[in-house]
Amino acid sequence: MHRKATAPGMHLYDLTLQKTPRINHAVHGNFAGTKQQLIVVGRGKILELLRPDNTTGNLTSICVTEIHGVIRSIRPFRLTGGNKDYIVVGTDSGRITVLEYDSENNVFKKVHQETFGKSGCRRIVPGQYLATDPKGRAVMISTRFLSQTMIHDVVGVDVGFDNPIFACLEVDYEDVDEDPTGEAMEFLTQSLTFYELDLGLNHVVRKETIPLDEFGNKLIPVPGGSEGPGGVLVCSPGRLTWRTYGEHEPMAINIPRRDDPLREDRPPFVNCVTMHKTKRMFFFLIQTEEGDIFKLTMVVENNEMTGLIIKYFDTVPIANAMCLLKNGLLFIAAEFGNHHLYQIASLGDNDDEPSYLSIDSLEKIHYFKPRDLLNLSLVDELESLHPIITCQPADLHGEETPQLYTLCGRGPTSSFRVLRHGLEVAEIAVSEVPGNPSAVWSVKRHVDDAVFKLSHSKSLQTEESDTYLVLSFIDKTLVLGIGETVEEVKDSGFLEDVPTLSASRIGDDSLLQIYPGGLRHIRHDQRVKEWKAPTNTTITRSAVNERQVVITLSSNELVYFELDRAGQLNEYTERIEMTSKVTAMALAPVEEDAFTSQFLALGLDDNTVRILSLDPQTCLNALKMQALPGCPTSLCIIELGGTGGEPSFLQLHIGIDNGVVTHSTMDKVTGDLSDTRTRYLGVRAVKLFPIKAHGQSAVLALSTRPWISYTYQGQSRLSPLSYELLEYAHIFSSEQLPEGIVAVTKNTLRILSLQNLGSIFNQSTIPLTYTPRQFILDEKTAIAVIIEGDQGVWTALTKQERLKKPEEEKTTDDDDMMIDDDDDEIGSSKPESSESKLELLDPQRFGESYAGPGRWASQIRVVDAREGKTLQLIPLAQDEMLLSICKLQFIVSQGFTHVIVGGVRGWDPLNNMFESAFLDTYLFSAEFGSDRLTRLDFVHRTELEQLPCALEPFAGRLLAGVGNLLRIYDMGRKKLLRKCENKHIPNTIVDIKVMGTRIVVADQKESVLFVKYKPSENRLSVFCDDTSPRWCTCIVMLDYSTVCVGDKFGNVTVLRCPDDVTDDIQEDPSGAKAFWSRGYLNGAPQKLVQLACFHVGEALQSLYKTTLTPSGTESILYTTLSGSIGTLMPFAHKEDVEFFETLELHLRQEHPPLCGRDHLAFRSSYFPCKAVVDGDLCEEYNLLPVSLKQDIADGLERTPQEVAKKIEEFRTRYAF
C-alpha cells in the first residue's frame, strides 16, 4: 500500500469476497406457494433461500439478501387456510419483520414490520426468541432476561383453534439477587410457564406455572388438537419429559448414552430437533451435543399420552438446526464445518437396534454403540470454511494470484485448506485421441418442433442430448457417436479426409460441416448438398447459428447463407469484399418468435470490430464500428435476461490477441454498442465459446487459464476455472450432464462440469487431528508448520494406556448397584462385553471421546503445502497445549533456522490457571541428501511464568508476549536467554508485529501500543497507545506509523502514530523526550489517531496487506471467525471517494435494509463508522428495480450503465 494511502485523509472501500458460510438458523416451508418445500437459512446478517433439486437432491441457492443487521431468530408460519408460508425474523433492529418470498422477482418482500424496543442485541430487549402459533394466529417475541427472570426457551403450543398458548422455560433469580451469602443459589429452580392469548380481549395472561425437578435447556412442541396430545417436551440433561397445562401425569424417558471406554460418563444435552408429521402419525428426530440422532415416538390413545419410545437413529455432524422435508430430505446446518443434506433411507424400524420405553425406571441408564450411517444416505454437501482460525496469502504455485492458506474447523473435522480464486471443475471423462486435435464440437442430430421452439429460451433442460462429437485435426476429421459408449462412427455424413472449421446442427434436423473447401449441408434423410469455394480460394472463418451461415474466403470476400422455410440453404445474391483481413466473426442468436438474426459481428486486423446488418433490406451493410487496443481473435454474441424488470439484451464479447477480453451491450434494434467493460485474462490470445450455466447463456474464455463469464442471481461475474490450459471447447449436453463442456488439450478429449457456480474460491483440503491454532508458512520451501490442540481430549498414547487398565471410571461399586432377585443389574443397561469396551470410535465420524475438563491434547504438524502431504507429526505430552509459533534465525545460530512454539500445561481457561508454561525450541533441518527444510528436531525447553500467546522474530532474536510481559530472548545452549523486558503492557499480549526497530503490540483489551527498542540502552519503551479500548484479535502494519486492528466484536480500525510523534522519536537521540514524558490516563505520553473505522459484523481472525490480482493494487485482506473473507481497498482519487460516498448515501435512503436496521447505525455498532464505504451496499445497486436505478443515477449525474461500470471497475482494480 502506498504511503499516500495511509495519509490522515485516507478512505477505504470494504468489500466481502466470500460471504459467511456459517448457518445460525434454518427453517423450511412452502415459501414459494408451490408444493415444493424450500429452506430459509440465516447466515449472521444474510438471509438465503435454498432449493433442493427434485431429481438429484442437490441444494441450490436461489435468493440471497443482505439485511445489514444481526439475525437473532427466524420462524415460519402459515395463515389459516393458506397454502404459502411466511417468515418472521427477529433482528437487532428492535423490530420483528414478516417477509414473503416473491418467486416472480426472486426477492424477499416486506409484508409487515413491528417496532418493540431499542436496536442492538440487548439482553433486556425482545428478539432473542420467537414462537409462532401452529395455526398462524399469533407470534410471541421474547428477550433472554426479564425483570429478575431468565428465559431459556419459548415455543408455541398446539391447541387447535382454542386461544393460542405459549410455553416458556423461566428461572426466577430474585431471591438469589438479593441474597449476599449465596445460599439461595442452592435452592434455585426452573419453571415451565404457559401464557394464553385471549383473542376476544386481545390480552395475554399467565395461565399456569409448573416447577421443574431439573433444569431444561430446550422445549419441543407436540402436535395437539385432533393430531396429538399437545403440550411440550422439556429437554433436560439426559432426559426428556412430556408436560402440559392442567392436570396431567408427566411422562419421562432417559436419553441413551454412548458406550465409549474413553468417554467421561455424563448425561447428554439436546442440541436441536426436527419433526415429521403426516395425517396419521408424527415423530421427532432429536440430536444431542455429540451429534447422535434419536427417533422419539409417542404412544397416543384417544389423544392421550400413554408412553414414549426412543431409539438410536444415526450420527451426523453437530447441528445448529435440522430441517426434515416432506420428500424425505434431512438438512443439517452444521455448527462447524460443511453442511450436509441426507436422504432418509429408512425410518429406523429395524429390530437390530434396541428401543427404550418410558415405562423403564428413570434410574436405569441406557447405553448404545454408535455406528456408520444406516438410516441416512448423504446426498449433497455445502462447503463451509467456518470457523477460520487464521489465514495467510501466498503464491506457492506460480499462478500470479495468491492462494489463501487457511486453518479451518474444530476437532477431528478440522482442516488445512488451500483456497484458489476460481470455480471448481469436475472431470467427467478424459480420453486420449490419436493426434492433437485443433477443435471439437458437440452436435445434436434431430430436434422436434416442441423442442425447437424452446431451444432459444433460458432453460436447457428440455433439449435432447448430443449425438456426435466432431474432432478436427490438421488433415482429417474424426466423428464419435455418443451413446452408452463413445466410439467412432462412419455414417454421420461428415467428410473425414478434410479438417473441419465448424460442425453444428442447422434448422430442425440438418447438419452442417464447414471445411476449407466448402460447405456440406446434410439433411435428415442423408441427402447432401455441397457448396464449393471458388477456385484458388479457401474458407478461413465462419459463423453459424440456428438458421444462418456466414463465411469469409481467403480473398477477403464475405459470403452469407440463409436457411429458408423449406430447409434449403441459400446463398445471398451479393458478396462484399472487406478492406482488412477478417480475424473473427460471430452471429447473434435467433430470438424467440423470430426467423433469423439481425446482426453479424466482424473482427478485423485493423484493430476494429464492425457490426453488419442481416436485415433483408440492408443486408451486409455496416452499422457500427468499435476500435480496440489490439487485434480481435474471437467474438461471441449471447442473449442475457434482464434484472429488476429490465428486458433481455444482447452482449458482444471480444477476445483480443493481447489477452484482454471486453464485453459491450448491443442494442437489439440498432446494433449500437454501449457499456463496454474490459478485463485482462492472461498473456495468450483469448478464444471465446458460448456455453450454458444454470440454464442461462454464458461465455467460456480460454487464455493462459480458462475463464467463464456468467450471470449469478442477477449479477454478472467473470471467474477463472481452476483447471489446466485448454485449446478449444464447446457446449456439451447429455441426460446425465445437461450443462457440460467438451474440450481438447494436447492429445486428450475431456468432458467437464462446472461445480458450485457463484462461489469465489475452490478448495483443496488436508485433514487435521485437532483444532488448529496457528501456523507458519515458508514461501521459499512451501513448508507449513501447524500447531493443533483440543480440550477434553486424550492423546493417542494416553488412549492406549487407558485401554490396558481396568476401566474404573466406567464401573460402579457393588454397594451402589441395584440388584433384583435374579441378580440382574437394573442401574445400567450397558453391555458387559469386553470387546465393545476395547473398540474405539472413529474420531472423524463420531468426534473425540470427551475426557473431561482440564485434559488437553496437542501436536505439531509439518506439511508440504504445495503437495498437500503431512511430512512429520510431533505429539506433545498429555495436558500440554500449544498457543503460539514463529520461525526465525538467531544471530548466534550461524544461519540455522529454528521454530519456537509456546505452550502451557494443565491449563484451566475458565479460571485462568495453569501448572506451567514453556517455550520449546526446534531446529528446522533437512532430510539426508536434500537442502529443503522439512523436519523439526527438538533442542530444549524454556520454562515461563505466564502464557506465551504471541511470538515474533525481531532483529535475529525472539520477541515474545508472555502474559502481559514483552520480552526479547536469544538462543542459549540449554534454554532461551532473556535479554530485555517491558512490564507495562496492561493485559495479555495477543499479537506482535515488527517493522524495523518499531514494535506494535496488540493487547487483549486495551487496543495496540507502539513500542521502541533502543539497542544502546537495551530497553523496550511504550511511547504511543490508543485512547479507546479494543479487544484485539489481529493486527497488520500498513507502514512504519500505521496499523490496522481487528477485534473480537467485528470492528476493523486503522490507527496512525501522528507525524510529530514519529519526528520526535527520530530526532531525539537520547529518547528521553518521547519515552519519559509524563503520560496521562495511566498510558503512554502520545496517543494514536484513528483514521478509519468500520463494523464488519463478525469477529476478525487475520489481517494481511497483499495484492489479490496480477495487475492490481495492494489492499487489506481479512478473514473472520464465521468463515467470510473480505478486503479493504484504498481510494487513490478524491473523485472516487465522492462518487461512492454519494452512492452509499442514496442507497441508504432509497434502499433501506430489509429488516428495519439502520445501515449507518449497524456499521457504527461499537465505534462511529469513519472513512469507510460499504462496498456490499454499493454492489446492491445492480439488483435494484429499473426505476430506482435511474433515480439514483440521476442524483449522481450519470447513467445507470455508468454507475454499474464504475462499481465493477473499482472492484476489479483490487480484487476479483
# chains A, B, ... in the order shown; residues from 1 in each chain; ligands from 1

call {"tool": "residues_around", "arguments": {"residues": "A:Lys311", "least_positions_apart": "2", "cutoff": "10 Å", "atoms": "only C-alpha atoms", "output": "PDB file with N, CA, C and O atoms, in the first residue's frame"}}
result
ATOM      1  N   ILE A 255     -32.401 -40.348  27.849  1.00  0.00           N
ATOM      2  CA  ILE A 255     -31.713 -40.368  26.555  1.00  0.00           C
ATOM      3  C   ILE A 255     -30.527 -41.316  26.663  1.00  0.00           C
ATOM      4  O   ILE A 255     -29.704 -41.180  27.573  1.00  0.00           O
ATOM      5  N   PRO A 256     -30.411 -42.282  25.773  1.00  0.00           N
ATOM      6  CA  PRO A 256     -29.275 -43.212  25.861  1.00  0.00           C
ATOM      7  C   PRO A 256     -27.938 -42.494  25.738  1.00  0.00           C
ATOM      8  O   PRO A 256     -27.821 -41.447  25.095  1.00  0.00           O
ATOM      9  N   LEU A 285     -37.000 -36.261  15.458  1.00  0.00           N
ATOM     10  CA  LEU A 285     -35.576 -36.597  15.376  1.00  0.00           C
ATOM     11  C   LEU A 285     -34.846 -35.619  16.277  1.00  0.00           C
ATOM     12  O   LEU A 285     -34.870 -34.404  16.040  1.00  0.00           O
ATOM     13  N   ILE A 293     -28.324 -38.810  16.694  1.00  0.00           N
ATOM     14  CA  ILE A 293     -29.741 -38.540  16.451  1.00  0.00           C
ATOM     15  C   ILE A 293     -30.562 -39.719  16.972  1.00  0.00           C
ATOM     16  O   ILE A 293     -30.247 -40.880  16.710  1.00  0.00           O
ATOM     17  N   PHE A 294     -31.628 -39.378  17.703  1.00  0.00           N
ATOM     18  CA  PHE A 294     -32.544 -40.387  18.233  1.00  0.00           C
ATOM     19  C   PHE A 294     -33.940 -40.122  17.672  1.00  0.00           C
ATOM     20  O   PHE A 294     -34.351 -38.972  17.513  1.00  0.00           O
ATOM     21  N   LYS A 295     -34.618 -41.194  17.390  1.00  0.00           N
ATOM     22  CA  LYS A 295     -36.002 -41.100  16.944  1.00  0.00           C
ATOM     23  C   LYS A 295     -36.915 -41.269  18.153  1.00  0.00           C
ATOM     24  O   LYS A 295     -36.857 -42.283  18.848  1.00  0.00           O
ATOM     25  N   LEU A 296     -37.725 -40.266  18.409  1.00  0.00           N
ATOM     26  CA  LEU A 296     -38.646 -40.289  19.542  1.00  0.00           C
ATOM     27  C   LEU A 296     -40.073 -40.426  19.012  1.00  0.00           C
ATOM     28  O   LEU A 296     -40.531 -39.612  18.219  1.00  0.00           O
ATOM     29  N   THR A 297     -40.749 -41.465  19.462  1.00  0.00           N
ATOM     30  CA  THR A 297     -42.126 -41.724  19.066  1.00  0.00           C
ATOM     31  C   THR A 297     -43.023 -41.683  20.293  1.00  0.00           C
ATOM     32  O   THR A 297     -42.633 -42.158  21.373  1.00  0.00           O
ATOM     33  N   ILE A 309     -41.203 -43.717  23.276  1.00  0.00           N
ATOM     34  CA  ILE A 309     -40.252 -44.700  22.771  1.00  0.00           C
ATOM     35  C   ILE A 309     -39.099 -43.944  22.117  1.00  0.00           C
ATOM     36  O   ILE A 309     -39.326 -43.081  21.260  1.00  0.00           O
ATOM     37  N   PHE A 313     -30.896 -43.494  16.022  1.00  0.00           N
ATOM     38  CA  PHE A 313     -31.200 -43.390  14.596  1.00  0.00           C
ATOM     39  C   PHE A 313     -29.919 -43.385  13.757  1.00  0.00           C
ATOM     40  O   PHE A 313     -29.683 -44.266  12.955  1.00  0.00           O
ATOM     41  N   ASP A 314     -29.081 -42.379  13.931  1.00  0.00           N
ATOM     42  CA  ASP A 314     -27.807 -42.247  13.206  1.00  0.00           C
ATOM     43  C   ASP A 314     -26.997 -41.150  13.866  1.00  0.00           C
ATOM     44  O   ASP A 314     -27.492 -40.439  14.763  1.00  0.00           O
ATOM     45  N   GLY A 348     -35.796 -46.252  10.568  1.00  0.00           N
ATOM     46  CA  GLY A 348     -35.187 -46.774  11.781  1.00  0.00           C
ATOM     47  C   GLY A 348     -36.034 -47.790  12.510  1.00  0.00           C
ATOM     48  O   GLY A 348     -35.941 -47.901  13.742  1.00  0.00           O
ATOM     49  N   ASP A 349     -36.841 -48.539  11.767  1.00  0.00           N
ATOM     50  CA  ASP A 349     -37.708 -49.536  12.394  1.00  0.00           C
ATOM     51  C   ASP A 349     -37.076 -50.916  12.451  1.00  0.00           C
ATOM     52  O   ASP A 349     -37.771 -51.910  12.712  1.00  0.00           O
ATOM     53  N   GLU A 353     -31.597 -52.624  16.279  1.00  0.00           N
ATOM     54  CA  GLU A 353     -31.325 -51.539  17.217  1.00  0.00           C
ATOM     55  C   GLU A 353     -32.375 -51.587  18.324  1.00  0.00           C
ATOM     56  O   GLU A 353     -33.571 -51.574  18.057  1.00  0.00           O
ATOM     57  N   PRO A 354     -31.948 -51.617  19.588  1.00  0.00           N
ATOM     58  CA  PRO A 354     -32.935 -51.700  20.682  1.00  0.00           C
ATOM     59  C   PRO A 354     -33.707 -50.400  20.853  1.00  0.00           C
ATOM     60  O   PRO A 354     -33.200 -49.316  20.602  1.00  0.00           O
ATOM     61  N   SER A 355     -34.935 -50.533  21.291  1.00  0.00           N
ATOM     62  CA  SER A 355     -35.778 -49.387  21.622  1.00  0.00           C
ATOM     63  C   SER A 355     -35.924 -49.315  23.136  1.00  0.00           C
ATOM     64  O   SER A 355     -35.937 -50.339  23.827  1.00  0.00           O
ATOM     65  N   TYR A 356     -36.063 -48.103  23.654  1.00  0.00           N
ATOM     66  CA  TYR A 356     -36.180 -47.897  25.093  1.00  0.00           C
ATOM     67  C   TYR A 356     -37.507 -47.202  25.364  1.00  0.00           C
ATOM     68  O   TYR A 356     -37.908 -46.285  24.645  1.00  0.00           O
ATOM     69  N   LEU A 357     -38.181 -47.644  26.427  1.00  0.00           N
ATOM     70  CA  LEU A 357     -39.530 -47.200  26.721  1.00  0.00           C
ATOM     71  C   LEU A 357     -39.566 -46.329  27.968  1.00  0.00           C
ATOM     72  O   LEU A 357     -38.690 -46.413  28.838  1.00  0.00           O
ATOM     73  N   PHE A 368     -25.676 -47.132  24.172  1.00  0.00           N
ATOM     74  CA  PHE A 368     -25.738 -47.608  22.798  1.00  0.00           C
ATOM     75  C   PHE A 368     -24.359 -47.456  22.162  1.00  0.00           C
ATOM     76  O   PHE A 368     -23.516 -46.693  22.647  1.00  0.00           O
TER      77      PHE A 368
END

call {"tool": "residues_around", "arguments": {"residues": "stretch 841-857 of chain A", "least_positions_apart": "3", "cutoff": "9 Å", "atoms": "only C-alpha atoms", "output": "ChimeraX atom specification"}}
result
/A:260-265,290-292,315-317,370-372,411-413,769-770,788-796,875-881,905-909

call {"tool": "closest_residue", "arguments": {"among": "A:Thr934, A:Gly895, A:Ile691, A:Leu976", "to": "A:Leu919", "atoms": "only C-alpha atoms"}}
result
A:Leu976

call {"tool": "closest_residue", "arguments": {"among": "A:Ser753, A:Ser147, A:Thr798, A:Ser664", "to": "A:Glu174", "atoms": "only C-alpha atoms"}}
result
A:Ser147

call {"tool": "residues_around", "arguments": {"residues": "A:Val300", "least_positions_apart": "3", "cutoff": "12 Å", "atoms": "only C-alpha atoms", "output": "MDAnalysis selection string"}}
result
chainID A and resid 222:224 226:230 280:283 297 303:309

call {"tool": "write_last_selection", "arguments": {"atoms": "N, CA, C and O atoms", "output": "PDB file, in the first residue's frame"}}
result
ATOM      1  N   VAL A 222     -45.423 -30.349  20.916  1.00  0.00           N
ATOM      2  CA  VAL A 222     -46.014 -31.616  20.488  1.00  0.00           C
ATOM      3  C   VAL A 222     -47.326 -31.315  19.772  1.00  0.00           C
ATOM      4  O   VAL A 222     -48.106 -30.466  20.231  1.00  0.00           O
ATOM      5  N   PRO A 223     -47.584 -31.959  18.622  1.00  0.00           N
ATOM      6  CA  PRO A 223     -48.855 -31.729  17.932  1.00  0.00           C
ATOM      7  C   PRO A 223     -50.042 -31.962  18.853  1.00  0.00           C
ATOM      8  O   PRO A 223     -50.057 -32.896  19.657  1.00  0.00           O
ATOM      9  N   GLY A 224     -51.025 -31.084  18.733  1.00  0.00           N
ATOM     10  CA  GLY A 224     -52.192 -31.170  19.595  1.00  0.00           C
ATOM     11  C   GLY A 224     -53.476 -31.092  18.802  1.00  0.00           C
ATOM     12  O   GLY A 224     -53.486 -31.299  17.585  1.00  0.00           O
ATOM     13  N   SER A 226     -56.611 -32.347  17.212  1.00  0.00           N
ATOM     14  CA  SER A 226     -57.014 -33.665  16.730  1.00  0.00           C
ATOM     15  C   SER A 226     -55.829 -34.488  16.233  1.00  0.00           C
ATOM     16  O   SER A 226     -56.017 -35.625  15.794  1.00  0.00           O
ATOM     17  N   GLU A 227     -54.620 -33.931  16.302  1.00  0.00           N
ATOM     18  CA  GLU A 227     -53.442 -34.606  15.744  1.00  0.00           C
ATOM     19  C   GLU A 227     -52.557 -35.226  16.800  1.00  0.00           C
ATOM     20  O   GLU A 227     -51.625 -35.957  16.477  1.00  0.00           O
ATOM     21  N   GLY A 228     -52.757 -34.907  18.071  1.00  0.00           N
ATOM     22  CA  GLY A 228     -51.897 -35.441  19.105  1.00  0.00           C
ATOM     23  C   GLY A 228     -52.285 -34.957  20.475  1.00  0.00           C
ATOM     24  O   GLY A 228     -53.283 -34.247  20.658  1.00  0.00           O
ATOM     25  N   PRO A 229     -51.460 -35.288  21.478  1.00  0.00           N
ATOM     26  CA  PRO A 229     -51.811 -34.933  22.859  1.00  0.00           C
ATOM     27  C   PRO A 229     -51.506 -33.491  23.210  1.00  0.00           C
ATOM     28  O   PRO A 229     -51.936 -33.011  24.254  1.00  0.00           O
ATOM     29  N   GLY A 230     -50.731 -32.784  22.375  1.00  0.00           N
ATOM     30  CA  GLY A 230     -50.359 -31.415  22.689  1.00  0.00           C
ATOM     31  C   GLY A 230     -49.320 -31.355  23.783  1.00  0.00           C
ATOM     32  O   GLY A 230     -48.662 -32.343  24.125  1.00  0.00           O
ATOM     33  N   ARG A 280     -51.525 -39.212   9.780  1.00  0.00           N
ATOM     34  CA  ARG A 280     -51.729 -40.385  10.619  1.00  0.00           C
ATOM     35  C   ARG A 280     -50.701 -40.544  11.725  1.00  0.00           C
ATOM     36  O   ARG A 280     -50.954 -41.259  12.697  1.00  0.00           O
ATOM     37  N   MET A 281     -49.554 -39.942  11.595  1.00  0.00           N
ATOM     38  CA  MET A 281     -48.504 -40.171  12.590  1.00  0.00           C
ATOM     39  C   MET A 281     -47.539 -38.995  12.615  1.00  0.00           C
ATOM     40  O   MET A 281     -47.568 -38.127  11.744  1.00  0.00           O
ATOM     41  N   PHE A 282     -46.718 -38.972  13.641  1.00  0.00           N
ATOM     42  CA  PHE A 282     -45.648 -37.992  13.746  1.00  0.00           C
ATOM     43  C   PHE A 282     -44.547 -38.592  14.607  1.00  0.00           C
ATOM     44  O   PHE A 282     -44.781 -39.483  15.437  1.00  0.00           O
ATOM     45  N   PHE A 283     -43.344 -38.113  14.401  1.00  0.00           N
ATOM     46  CA  PHE A 283     -42.210 -38.499  15.249  1.00  0.00           C
ATOM     47  C   PHE A 283     -41.187 -37.380  15.226  1.00  0.00           C
ATOM     48  O   PHE A 283     -41.217 -36.491  14.360  1.00  0.00           O
ATOM     49  N   THR A 297     -40.749 -41.465  19.462  1.00  0.00           N
ATOM     50  CA  THR A 297     -42.126 -41.724  19.066  1.00  0.00           C
ATOM     51  C   THR A 297     -43.023 -41.683  20.293  1.00  0.00           C
ATOM     52  O   THR A 297     -42.633 -42.158  21.373  1.00  0.00           O
ATOM     53  N   ASN A 303     -56.042 -39.439  21.875  1.00  0.00           N
ATOM     54  CA  ASN A 303     -55.419 -38.130  22.098  1.00  0.00           C
ATOM     55  C   ASN A 303     -54.863 -37.972  23.506  1.00  0.00           C
ATOM     56  O   ASN A 303     -54.717 -36.847  24.010  1.00  0.00           O
ATOM     57  N   GLU A 304     -54.564 -39.072  24.157  1.00  0.00           N
ATOM     58  CA  GLU A 304     -53.947 -39.026  25.474  1.00  0.00           C
ATOM     59  C   GLU A 304     -52.613 -39.742  25.430  1.00  0.00           C
ATOM     60  O   GLU A 304     -52.478 -40.801  24.806  1.00  0.00           O
ATOM     61  N   MET A 305     -51.644 -39.163  26.106  1.00  0.00           N
ATOM     62  CA  MET A 305     -50.299 -39.716  26.117  1.00  0.00           C
ATOM     63  C   MET A 305     -50.247 -40.957  27.011  1.00  0.00           C
ATOM     64  O   MET A 305     -50.679 -40.931  28.164  1.00  0.00           O
ATOM     65  N   THR A 306     -49.704 -42.048  26.425  1.00  0.00           N
ATOM     66  CA  THR A 306     -49.570 -43.281  27.212  1.00  0.00           C
ATOM     67  C   THR A 306     -48.134 -43.768  27.300  1.00  0.00           C
ATOM     68  O   THR A 306     -47.838 -44.634  28.139  1.00  0.00           O
ATOM     69  N   GLY A 307     -47.230 -43.248  26.475  1.00  0.00           N
ATOM     70  CA  GLY A 307     -45.859 -43.719  26.549  1.00  0.00           C
ATOM     71  C   GLY A 307     -44.952 -43.030  25.553  1.00  0.00           C
ATOM     72  O   GLY A 307     -45.400 -42.380  24.598  1.00  0.00           O
ATOM     73  N   LEU A 308     -43.633 -43.159  25.805  1.00  0.00           N
ATOM     74  CA  LEU A 308     -42.592 -42.621  24.925  1.00  0.00           C
ATOM     75  C   LEU A 308     -41.657 -43.751  24.526  1.00  0.00           C
ATOM     76  O   LEU A 308     -41.342 -44.630  25.341  1.00  0.00           O
ATOM     77  N   ILE A 309     -41.203 -43.717  23.276  1.00  0.00           N
ATOM     78  CA  ILE A 309     -40.252 -44.700  22.771  1.00  0.00           C
ATOM     79  C   ILE A 309     -39.099 -43.944  22.117  1.00  0.00           C
ATOM     80  O   ILE A 309     -39.326 -43.081  21.260  1.00  0.00           O
TER      81      ILE A 309
END

call {"tool": "closest_residue", "arguments": {"among": "A:Ser191, A:Gln626, A:Thr115, A:Thr209", "to": "A:Thr608", "atoms": "only C-alpha atoms"}}
result
A:Gln626

call {"tool": "residues_around", "arguments": {"residues": "stretch 1182-1190 of chain A", "least_positions_apart": "2", "cutoff": "10 Å", "atoms": "only C-alpha atoms", "output": "JSON, numbers by chain"}}
result
{"A": [105, 107, 642, 643, 644, 645, 646, 713, 714, 715, 716, 1147, 1150, 1151, 1178, 1179, 1180, 1192, 1193, 1194, 1195, 1196, 1198, 1199, 1200, 1201, 1203, 1204, 1207]}

call {"tool": "write_last_selection", "arguments": {"atoms": "N, CA, C and O atoms", "output": "short mmCIF file (atom, residue, chain, number, x, y, z; two decimals), in the first residue's frame"}}
result
data_model
loop_
_atom_site.label_atom_id
_atom_site.label_comp_id
_atom_site.auth_asym_id
_atom_site.auth_seq_id
_atom_site.Cartn_x
_atom_site.Cartn_y
_atom_site.Cartn_z
N ASN A 105 -40.07 -12.21 -8.96
CA ASN A 105 -38.91 -11.31 -8.98
C ASN A 105 -37.72 -11.86 -8.21
O ASN A 105 -36.66 -11.22 -8.15
N VAL A 107 -37.13 -12.24 -4.93
CA VAL A 107 -36.72 -11.37 -3.83
C VAL A 107 -37.61 -11.66 -2.62
O VAL A 107 -38.71 -12.19 -2.74
N GLY A 642 -32.74 -9.68 -18.50
CA GLY A 642 -32.57 -8.50 -17.68
C GLY A 642 -32.92 -8.77 -16.22
O GLY A 642 -33.60 -9.73 -15.89
N THR A 643 -32.45 -7.88 -15.35
CA THR A 643 -32.74 -7.97 -13.91
C THR A 643 -33.56 -6.76 -13.50
O THR A 643 -33.48 -5.69 -14.11
N GLY A 644 -34.31 -6.95 -12.40
CA GLY A 644 -35.09 -5.83 -11.87
C GLY A 644 -36.13 -5.31 -12.83
O GLY A 644 -36.40 -4.11 -12.88
N GLY A 645 -36.72 -6.19 -13.67
CA GLY A 645 -37.74 -5.75 -14.61
C GLY A 645 -37.21 -5.29 -15.94
O GLY A 645 -37.99 -4.88 -16.82
N GLU A 646 -35.89 -5.35 -16.16
CA GLU A 646 -35.31 -4.95 -17.43
C GLU A 646 -35.55 -6.02 -18.48
O GLU A 646 -35.57 -7.22 -18.18
N GLN A 713 -27.58 -14.98 -9.88
CA GLN A 713 -28.52 -14.23 -9.04
C GLN A 713 -28.57 -12.75 -9.42
O GLN A 713 -28.52 -11.86 -8.58
N GLY A 714 -28.63 -12.53 -10.75
CA GLY A 714 -28.80 -11.18 -11.25
C GLY A 714 -27.54 -10.38 -11.39
O GLY A 714 -27.59 -9.23 -11.86
N GLN A 715 -26.39 -10.92 -11.01
CA GLN A 715 -25.13 -10.19 -11.09
C GLN A 715 -24.20 -10.86 -12.08
O GLN A 715 -24.08 -12.09 -12.13
N SER A 716 -23.54 -10.04 -12.90
CA SER A 716 -22.59 -10.55 -13.89
C SER A 716 -21.26 -10.85 -13.22
O SER A 716 -20.75 -10.04 -12.44
N LEU A 1147 -28.24 5.01 -1.53
CA LEU A 1147 -28.73 3.67 -1.26
C LEU A 1147 -29.27 3.55 0.16
O LEU A 1147 -30.25 2.82 0.39
N GLU A 1150 -32.78 5.39 -0.30
CA GLU A 1150 -33.73 4.83 -1.25
C GLU A 1150 -33.90 3.31 -1.12
O GLU A 1150 -34.90 2.76 -1.57
N HIS A 1151 -32.91 2.64 -0.53
CA HIS A 1151 -32.95 1.17 -0.44
C HIS A 1151 -32.56 0.77 0.98
O HIS A 1151 -31.49 0.20 1.21
N CYS A 1178 -23.04 -0.89 -1.92
CA CYS A 1178 -22.92 -0.30 -3.25
C CYS A 1178 -23.19 -1.32 -4.34
O CYS A 1178 -23.79 -0.99 -5.37
N GLU A 1179 -22.77 -2.56 -4.14
CA GLU A 1179 -22.98 -3.58 -5.18
C GLU A 1179 -24.43 -4.04 -5.26
O GLU A 1179 -24.80 -4.71 -6.23
N GLU A 1180 -25.24 -3.70 -4.27
CA GLU A 1180 -26.67 -4.00 -4.36
C GLU A 1180 -27.36 -3.11 -5.38
O GLU A 1180 -28.52 -3.36 -5.72
N ILE A 1192 -31.39 6.95 -8.71
CA ILE A 1192 -30.10 7.10 -8.03
C ILE A 1192 -29.05 7.61 -9.01
O ILE A 1192 -28.22 8.47 -8.67
N ALA A 1193 -29.07 7.11 -10.24
CA ALA A 1193 -28.10 7.58 -11.24
C ALA A 1193 -28.30 9.05 -11.56
O ALA A 1193 -27.32 9.78 -11.77
N ASP A 1194 -29.54 9.49 -11.59
CA ASP A 1194 -29.79 10.92 -11.82
C ASP A 1194 -29.20 11.76 -10.71
O ASP A 1194 -28.67 12.86 -10.96
N GLY A 1195 -29.29 11.26 -9.48
CA GLY A 1195 -28.69 12.00 -8.37
C GLY A 1195 -27.17 12.05 -8.46
O GLY A 1195 -26.54 12.98 -7.91
N LEU A 1196 -26.58 11.08 -9.12
CA LEU A 1196 -25.12 11.07 -9.32
C LEU A 1196 -24.71 11.74 -10.62
O LEU A 1196 -23.51 11.77 -10.93
N ARG A 1198 -25.18 10.64 -13.64
CA ARG A 1198 -24.65 9.62 -14.53
C ARG A 1198 -25.79 8.75 -15.01
O ARG A 1198 -26.91 8.81 -14.50
N THR A 1199 -25.48 7.88 -15.97
CA THR A 1199 -26.46 6.90 -16.42
C THR A 1199 -26.32 5.64 -15.56
O THR A 1199 -25.27 5.41 -14.95
N PRO A 1200 -27.38 4.81 -15.48
CA PRO A 1200 -27.25 3.57 -14.70
C PRO A 1200 -26.11 2.67 -15.18
O PRO A 1200 -25.47 2.01 -14.37
N GLN A 1201 -25.86 2.65 -16.49
CA GLN A 1201 -24.76 1.83 -17.00
C GLN A 1201 -23.41 2.36 -16.52
O GLN A 1201 -22.51 1.58 -16.19
N VAL A 1203 -22.88 3.97 -13.71
CA VAL A 1203 -22.75 3.66 -12.29
C VAL A 1203 -22.33 2.21 -12.10
O VAL A 1203 -21.41 1.90 -11.32
N ALA A 1204 -22.99 1.29 -12.81
CA ALA A 1204 -22.63 -0.13 -12.70
C ALA A 1204 -21.21 -0.39 -13.16
O ALA A 1204 -20.48 -1.18 -12.56
N ILE A 1207 -18.70 0.72 -10.47
CA ILE A 1207 -18.63 -0.22 -9.35
C ILE A 1207 -17.78 -1.43 -9.73
O ILE A 1207 -16.92 -1.88 -8.96
#
